[in-house]
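A.B. asks: Just so it is clear, I am handing over start.tsv, which has TSV, C-alpha atoms.
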chain	number	residue	atom	x	y	z
A	1	MET	CA	0.00	0.00	0.00
A	2	THR	CA	1.34	3.40	-1.00
A	3	LEU	CA	1.09	6.07	1.68
A	4	THR	CA	0.07	9.61	0.82
A	5	PRO	CA	2.41	12.50	1.81
A	6	SER	CA	0.01	13.35	4.65
A	7	GLN	CA	0.02	9.77	5.95
A	8	ARG	CA	3.82	9.66	5.82
A	9	GLY	CA	3.87	12.87	7.84
A	10	HIS	CA	1.65	11.30	10.49
A	11	LEU	CA	3.85	8.20	10.61
A	12	ALA	CA	6.92	10.40	11.08
A	13	MET	CA	5.30	12.17	14.02
A	14	LEU	CA	4.24	8.88	15.60
A	15	ALA	CA	7.89	7.82	15.62
A	16	PHE	CA	8.86	11.31	16.78
A	17	SER	CA	6.64	11.12	19.87
A	18	ALA	CA	7.94	7.69	20.87
A	19	LEU	CA	11.59	8.73	20.53
A	20	VAL	CA	11.11	12.01	22.41
A	21	ALA	CA	9.45	10.15	25.29
A	22	GLY	CA	12.56	8.05	25.79
A	23	SER	CA	14.60	11.16	26.50
A	24	PHE	CA	12.38	11.94	29.51
A	25	SER	CA	12.87	8.53	31.11
A	26	LEU	CA	16.61	8.36	30.44
A	27	GLY	CA	17.08	12.05	31.18
A	28	ALA	CA	15.59	11.59	34.65
A	29	LEU	CA	18.28	9.00	35.38
A	30	ALA	CA	21.12	11.18	34.08
A	31	ALA	CA	19.95	14.59	35.33
A	32	PRO	CA	21.47	14.37	38.84
A	33	HIS	CA	24.95	13.79	37.40
A	34	VAL	CA	25.43	16.56	34.81
A	35	ASP	CA	24.40	20.15	34.10
A	36	PRO	CA	21.37	20.04	31.73
A	37	ALA	CA	22.56	22.97	29.61
A	38	ALA	CA	25.99	21.41	29.11
A	39	LEU	CA	24.37	18.11	28.17
A	40	SER	CA	22.10	19.87	25.66
A	41	ALA	CA	24.99	21.70	24.02
A	42	VAL	CA	26.93	18.46	23.54
A	43	ARG	CA	23.76	16.77	22.34
A	44	PHE	CA	23.25	19.42	19.65
A	45	LEU	CA	26.88	19.13	18.61
A	46	LEU	CA	26.85	15.33	18.25
A	47	ALA	CA	23.45	15.35	16.55
A	48	GLY	CA	24.61	18.07	14.16
A	49	VAL	CA	27.64	15.98	13.18
A	50	LEU	CA	25.38	12.97	12.52
A	51	VAL	CA	22.86	14.96	10.50
A	52	GLY	CA	25.65	16.67	8.53
A	53	ALA	CA	27.23	13.31	7.72
A	54	ALA	CA	23.83	11.94	6.65
A	55	ALA	CA	23.27	14.97	4.42
A	56	LEU	CA	26.66	14.59	2.73
A	57	ALA	CA	26.05	10.87	2.22
A	58	THR	CA	22.59	11.34	0.69
A	59	THR	CA	21.31	14.60	-0.73
A	60	GLY	CA	24.46	16.64	-0.12
A	61	LEU	CA	24.67	20.27	1.02
A	62	PRO	CA	24.36	22.37	-2.14
A	63	ARG	CA	25.16	26.07	-2.10
A	64	SER	CA	21.47	26.86	-2.20
A	65	THR	CA	21.22	25.43	1.33
A	66	TRP	CA	23.10	28.44	2.67
A	67	VAL	CA	20.99	31.09	0.96
A	68	ALA	CA	19.53	33.42	3.62
A	69	PRO	CA	21.36	31.86	6.58
A	70	TRP	CA	19.37	34.09	8.93
A	71	ARG	CA	16.62	31.48	8.63
A	72	TYR	CA	18.75	28.96	10.52
A	73	LEU	CA	19.57	31.51	13.21
A	74	VAL	CA	15.85	32.12	13.74
A	75	LEU	CA	14.95	28.42	13.88
A	76	GLY	CA	18.05	27.38	15.80
A	77	GLY	CA	17.51	30.23	18.24
A	78	LEU	CA	13.90	29.20	18.85
A	79	LEU	CA	14.79	25.57	19.50
A	80	ALA	CA	17.84	26.43	21.61
A	81	GLY	CA	15.69	28.93	23.51
A	82	TYR	CA	13.16	26.22	24.21
A	83	PHE	CA	15.78	23.97	25.81
A	84	VAL	CA	17.40	26.79	27.79
A	85	LEU	CA	14.05	28.02	29.14
A	86	MET	CA	12.97	24.47	29.90
A	87	PHE	CA	16.05	23.82	32.03
A	88	GLN	CA	15.79	27.25	33.64
A	89	GLY	CA	12.15	26.67	34.48
A	90	LEU	CA	12.83	23.22	35.91
A	91	LYS	CA	15.15	24.77	38.51
A	92	THR	CA	12.06	25.88	40.43
A	93	ALA	CA	9.12	24.11	38.76
A	94	ALA	CA	8.00	20.58	39.57
A	95	PRO	CA	7.76	18.07	36.70
A	96	VAL	CA	3.96	17.61	36.87
A	97	PRO	CA	2.88	21.26	36.39
A	98	THR	CA	5.68	21.74	33.87
A	99	ALA	CA	4.37	18.84	31.81
A	100	ALA	CA	0.91	20.38	32.04
A	101	VAL	CA	2.27	23.60	30.55
A	102	PHE	CA	3.74	21.59	27.66
A	103	THR	CA	0.26	20.42	26.64
A	104	LEU	CA	-0.52	24.03	25.68
A	105	THR	CA	2.01	23.79	22.83
A	106	PRO	CA	-0.34	22.31	20.17
A	107	VAL	CA	-2.95	25.01	20.77
A	108	MET	CA	-0.28	27.73	20.49
A	109	ALA	CA	1.09	26.03	17.36
A	110	ALA	CA	-2.38	26.32	15.82
A	111	GLY	CA	-2.28	30.06	16.51
A	112	PHE	CA	1.17	30.47	15.00
A	113	GLY	CA	0.06	28.31	12.06
A	114	TRP	CA	-2.63	30.88	11.31
A	115	LEU	CA	-0.26	33.81	11.90
A	116	PHE	CA	2.57	32.59	9.67
A	117	LEU	CA	0.79	30.34	7.18
A	118	ARG	CA	-2.89	31.33	7.45
A	119	GLN	CA	-3.68	27.72	8.34
A	120	ARG	CA	-7.25	27.66	9.59
A	121	LEU	CA	-8.32	25.48	12.50
A	122	THR	CA	-11.43	23.50	11.60
A	123	GLY	CA	-14.06	22.60	14.16
A	124	ARG	CA	-12.97	18.97	14.15
A	125	MET	CA	-9.32	19.91	14.67
A	126	ALA	CA	-10.29	22.20	17.55
A	127	LEU	CA	-12.31	19.37	19.11
A	128	ALA	CA	-9.38	16.97	18.62
A	129	LEU	CA	-6.95	19.39	20.27
A	130	ALA	CA	-9.30	19.82	23.22
A	131	ILE	CA	-9.80	16.06	23.63
A	132	GLY	CA	-6.06	15.44	23.26
A	133	ALA	CA	-5.26	18.08	25.87
A	134	ALA	CA	-7.74	16.56	28.32
A	135	GLY	CA	-6.36	13.07	27.74
A	136	ALA	CA	-2.76	14.19	28.09
A	137	LEU	CA	-3.49	16.03	31.35
A	138	TRP	CA	-5.28	12.96	32.68
A	139	VAL	CA	-2.22	10.84	31.88
A	140	ILE	CA	0.26	13.42	33.22
A	141	PHE	CA	-1.58	13.69	36.54
A	142	ARG	CA	-1.95	9.89	36.76
A	143	ALA	CA	-5.77	10.13	36.90
A	144	ASP	CA	-5.51	12.07	40.17
A	145	LEU	CA	-8.18	14.79	40.07
A	146	GLY	CA	-6.86	16.29	43.30
A	147	ALA	CA	-3.40	16.74	41.79
A	148	LEU	CA	-4.95	18.43	38.75
A	149	LEU	CA	-7.07	20.80	40.85
A	150	ALA	CA	-4.05	21.70	43.01
A	151	LEU	CA	-2.08	22.99	40.02
A	152	GLU	CA	-0.38	26.26	40.88
A	153	ILE	CA	1.48	28.41	38.36
A	154	GLY	CA	4.83	29.55	39.72
A	155	ARG	CA	7.83	31.41	38.33
A	156	GLY	CA	9.37	28.26	36.84
A	157	GLU	CA	6.17	27.39	35.01
A	158	VAL	CA	5.96	30.91	33.58
A	159	ILE	CA	9.58	30.69	32.35
A	160	TYR	CA	8.91	27.30	30.75
A	161	PHE	CA	5.69	28.63	29.17
A	162	TRP	CA	7.78	31.06	27.10
A	163	GLY	CA	9.96	28.13	26.05
A	164	CYS	CA	6.82	26.36	24.85
A	165	VAL	CA	5.87	29.51	22.92
A	166	ALA	CA	9.23	29.29	21.13
A	167	HIS	CA	8.67	25.59	20.39
A	168	ALA	CA	5.17	26.27	19.04
A	169	ALA	CA	6.44	29.07	16.77
A	170	TYR	CA	9.26	26.87	15.47
A	171	THR	CA	6.93	24.33	13.85
A	172	PRO	CA	5.07	26.55	11.33
A	173	LEU	CA	8.19	28.65	10.72
A	174	VAL	CA	9.97	25.58	9.35
A	175	ARG	CA	7.37	25.40	6.61
A	176	ARG	CA	7.39	29.18	6.09
A	177	LEU	CA	11.19	29.52	5.86
A	178	ASN	CA	12.01	26.35	3.92
A	179	ARG	CA	12.93	27.16	0.30
A	180	GLY	CA	13.00	23.68	-1.11
A	181	GLU	CA	15.88	22.32	0.97
A	182	THR	CA	15.67	18.66	1.92
A	183	PRO	CA	14.72	17.91	5.54
A	184	VAL	CA	18.24	16.62	6.29
A	185	ALA	CA	20.04	19.67	4.86
A	186	PHE	CA	17.59	22.10	6.45
A	187	THR	CA	17.90	20.35	9.82
A	188	PHE	CA	21.70	20.55	9.62
A	189	GLY	CA	21.61	24.30	9.06
A	190	MET	CA	19.27	24.76	12.01
A	191	MET	CA	21.34	22.52	14.27
A	192	LEU	CA	24.56	24.28	13.30
A	193	ALA	CA	23.07	27.59	14.39
A	194	GLY	CA	21.51	26.07	17.52
A	195	THR	CA	24.80	24.44	18.52
A	196	GLY	CA	26.60	27.77	18.36
A	197	MET	CA	23.97	29.49	20.48
A	198	LEU	CA	23.78	26.73	23.08
A	199	THR	CA	27.57	26.51	23.30
A	200	LEU	CA	27.82	30.22	24.03
A	201	TYR	CA	25.16	29.94	26.71
A	202	ALA	CA	26.48	26.76	28.36
A	203	TRP	CA	30.24	27.37	27.95
A	204	PRO	CA	30.94	27.91	31.69
A	205	ALA	CA	29.09	24.71	32.57
A	206	ILE	CA	30.81	22.79	29.77
A	207	ARG	CA	34.24	23.84	31.04
A	208	ALA	CA	33.33	23.07	34.65
A	209	THR	CA	32.09	19.53	33.91
A	210	ASP	CA	34.48	16.63	34.55
A	211	TRP	CA	33.35	14.63	31.53
A	212	ALA	CA	35.71	11.71	32.17
A	213	ALA	CA	34.25	11.13	35.63
A	214	LEU	CA	30.60	10.98	34.57
A	215	PRO	CA	28.76	7.68	35.23
A	216	GLY	CA	27.77	5.38	32.37
A	217	ILE	CA	24.08	6.35	32.42
A	218	VAL	CA	25.03	9.88	31.38
A	219	TRP	CA	26.83	8.61	28.29
A	220	VAL	CA	23.99	6.22	27.44
A	221	THR	CA	21.57	9.14	27.72
A	222	LEU	CA	23.84	11.43	25.72
A	223	VAL	CA	24.11	8.94	22.86
A	224	TYR	CA	20.36	8.34	22.89
A	225	VAL	CA	19.34	11.99	22.96
A	226	ALA	CA	21.95	12.91	20.34
A	227	VAL	CA	21.03	10.16	17.89
A	228	ALA	CA	17.39	9.20	18.53
A	229	ALA	CA	15.94	12.19	20.37
A	230	SER	CA	17.79	14.91	18.43
A	231	ALA	CA	19.19	13.96	15.02
A	232	VAL	CA	16.40	11.56	14.07
A	233	THR	CA	13.53	13.49	15.66
A	234	PHE	CA	14.59	16.83	14.19
A	235	VAL	CA	14.59	15.29	10.71
A	236	LEU	CA	11.21	13.65	11.40
A	237	LEU	CA	9.82	16.98	12.59
A	238	GLN	CA	11.13	18.82	9.53
A	239	TYR	CA	9.72	16.07	7.29
A	240	ALA	CA	6.28	16.19	8.92
A	241	THR	CA	5.98	19.99	9.02
A	242	LEU	CA	6.39	20.12	5.24
A	243	ARG	CA	3.41	17.77	4.85
A	244	LEU	CA	1.03	18.57	7.72
A	245	PRO	CA	-0.53	21.69	9.29
A	246	ALA	CA	1.31	22.94	12.37
A	247	ALA	CA	-1.54	22.06	14.76
A	248	LYS	CA	-1.57	18.45	13.55
A	249	VAL	CA	2.20	18.17	13.92
A	250	MET	CA	2.23	19.51	17.47
A	251	ALA	CA	-0.84	17.43	18.43
A	252	TYR	CA	1.47	14.43	18.59
A	253	THR	CA	2.98	15.92	21.75
A	254	TYR	CA	-0.19	14.62	23.44
A	255	LEU	CA	1.11	11.09	22.89
A	256	VAL	CA	4.40	11.74	24.69
A	257	PRO	CA	3.06	11.13	28.24
A	258	SER	CA	1.56	7.82	27.12
A	259	TRP	CA	4.87	6.77	25.54
A	260	VAL	CA	6.66	7.81	28.75
A	261	ILE	CA	4.45	5.40	30.69
A	262	LEU	CA	5.49	2.58	28.35
A	263	TRP	CA	9.15	3.56	28.76
A	264	GLU	CA	8.75	3.55	32.56
A	265	ILE	CA	7.17	0.10	32.43
A	266	ALA	CA	10.04	-1.18	30.29
A	267	LEU	CA	12.80	0.40	32.42
A	268	HIS	CA	11.36	0.11	35.93
A	269	GLY	CA	8.25	-2.08	35.73
A	270	ALA	CA	6.20	0.91	36.91
A	271	VAL	CA	2.65	0.07	35.81
A	272	PRO	CA	0.25	3.06	35.99
A	273	PRO	CA	-3.22	2.91	37.61
A	274	GLY	CA	-6.01	1.52	35.46
A	275	LEU	CA	-7.77	4.88	35.27
A	276	VAL	CA	-4.80	6.31	33.37
A	277	VAL	CA	-5.81	4.14	30.42
A	278	ALA	CA	-8.79	6.49	29.96
A	279	GLY	CA	-6.39	9.33	29.21
A	280	VAL	CA	-4.49	7.20	26.72
A	281	ALA	CA	-7.81	6.41	25.01
A	282	LEU	CA	-8.62	10.12	24.75
A	283	THR	CA	-5.28	10.90	23.09
A	284	ALA	CA	-5.89	8.05	20.66
A	285	LEU	CA	-9.34	9.48	19.88
A	286	ALA	CA	-7.82	12.92	19.28
A	287	LEU	CA	-5.25	11.50	16.87
A	288	TRP	CA	-7.97	9.53	15.06
A	289	LEU	CA	-9.89	12.77	14.54
A	290	LEU	CA	-6.74	14.44	13.22
A	291	LEU	CA	-5.94	11.54	10.88
A	292	LYS	CA	-9.32	11.90	9.16
A	293	GLU	CA	-9.05	14.20	6.19
Take the structure in the file and write it out as structure tokens.
C.D. replies:
Amino acid sequence: MTLTPSQRGHLAMLAFSALVAGSFSLGALAAPHVDPAALSAVRFLLAGVLVGAAALATTGLPRSTWVAPWRYLVLGGLLAGYFVLMFQGLKTAAPVPTAAVFTLTPVMAAGFGWLFLRQRLTGRMALALAIGAAGALWVIFRADLGALLALEIGRGEVIYFWGCVAHAAYTPLVRRLNRGETPVAFTFGMMLAGTGMLTLYAWPAIRATDWAALPGIVWVTLVYVAVAASAVTFVLLQYATLRLPAAKVMAYTYLVPSWVILWEIALHGAVPPGLVVAGVALTALALWLLLKE
């Protein structure tokens, strides 16, 4: 069976959400041992090398790739800003309310999709986003209504919110700023710019880190996030954004909490309460609505 471009975009985002989820589970194990900003800078560097090598081995990096390099500074800056603000926010914000803030990203992406691309949000897409948000929140809060009602917005959550704004703007801007470059070449340009920005920001932490003394889990996490959760996912995201509306692309973030549960079961045997399955079902319903043309 031959898939349509839209269906291939959805398949790319399904893989994207599963790979991103793994970085949460592994990152939680590595976080106590290394500065997050330093880890992110090295991750961008390694992923950029991998994507650059893949580009040279496949489509190449023609001169046209470097026309209007300001585009890569904009995109790289937005993505680097997301990671910096995420880590800054997590200094004071707890994981649960921070994850709740992240579920606002698809709705904001729909707004930026209209602003940059005049992509209109249909009634069915709006319903799907609402259902997906409800399901994701139910999963994030482990079906605990009390935990959901006790949500308080603090300084860390506000900082991370602006990071999510940057992430939401990034998605439609990829489609707006792409001038026919292949996903691999375009991703390399963005990652090159992002690496430079992150390195400047994290340079003191990079120099202060005793890399040789880090435990093995840090290196396992670094390899995973550089290859699977950075190089591969950035290409998948670029690929999907050229074939799907921004709101549909970002809607796949609703699946991340469900994938995280599966990762936690695989790594720690941590089985969630039965009620959490209701949230997973809601995210599946939201994606089904989005898959319908």
A.B. asks: Name the closest residue to A:Ala110 among the candidates A:Ala147, A:Met125, A:Val74, A:Ala281; distances are taken between atoms, counting only C-alpha atoms.
C.D. replies: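 For A:Ala110, the nearest of the given residues is A:Met125.
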A.B. asks: Excluding stretch 127-131 of chain A and its own-chain neighbours fewer than 3 positions away, which residues fall within 9 Å of it when counting only C-alpha atoms? Please give them as a short mmCIF file (atom, residue, chain, number, x, y, z; two decimals) with C-alpha atoms, keeping the file's coordinate frame.
C.D. replies:
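To be explicit, this is the file written out as selection_5.cif:
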data_model
loop_
_atom_site.label_atom_id
_atom_site.label_comp_id
_atom_site.auth_asym_id
_atom_site.auth_seq_id
_atom_site.Cartn_x
_atom_site.Cartn_y
_atom_site.Cartn_z
CA PRO A 106 -0.34 22.31 20.17
CA VAL A 107 -2.95 25.01 20.77
CA THR A 122 -11.43 23.50 11.60
CA GLY A 123 -14.06 22.60 14.16
CA ARG A 124 -12.97 18.97 14.15
CA ALA A 134 -7.74 16.56 28.32
CA GLY A 135 -6.36 13.07 27.74
CA ALA A 136 -2.76 14.19 28.09
CA ALA A 247 -1.54 22.06 14.76
CA LYS A 248 -1.57 18.45 13.55
CA ALA A 251 -0.84 17.43 18.43
CA TYR A 254 -0.19 14.62 23.44
CA LEU A 282 -8.62 10.12 24.75
CA THR A 283 -5.28 10.90 23.09
CA LEU A 285 -9.34 9.48 19.88
CA ALA A 286 -7.82 12.92 19.28
CA LEU A 287 -5.25 11.50 16.87
CA TRP A 288 -7.97 9.53 15.06
CA LEU A 289 -9.89 12.77 14.54
CA LEU A 290 -6.74 14.44 13.22
#
A.B. asks: Would you mind telling me which residue in A:Tyr224, A:Phe83, A:Phe234, A:Tyr160 lies nearest to A:Ser25 when using only C-alpha atoms?
C.D. replies: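 Using only C-alpha atoms, the shortest distance to A:Ser25 belongs to A:Tyr224.
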A.B. asks: Can you work out which one of A:Ala143, A:Val49, A:Met108, A:Met191 has the shortest atom-to-atom distance to A:Phe161, counting only C-alpha atoms?
C.D. replies: A:Met108
A.B. asks: So how far away is atom CA of A:Met86 from atom CA of A:Ile217, in Å?
C.D. replies: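 Atom CA of A:Met86 lies 21.4 Å from atom CA of A:Ile217.
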A.B. asks: Please, what is the axis-aligned box for every listed atom of stretch 36-55 of chain A with 8 Å on each side, as centre and edge lengths in Å to one decimal, as lines of an AutoDock Vina configuration file?
C.D. replies:
center_x = 24.5
center_y = 17.5
center_z = 18.1
size_x = 22.3
size_y = 27.0
size_z = 43.3
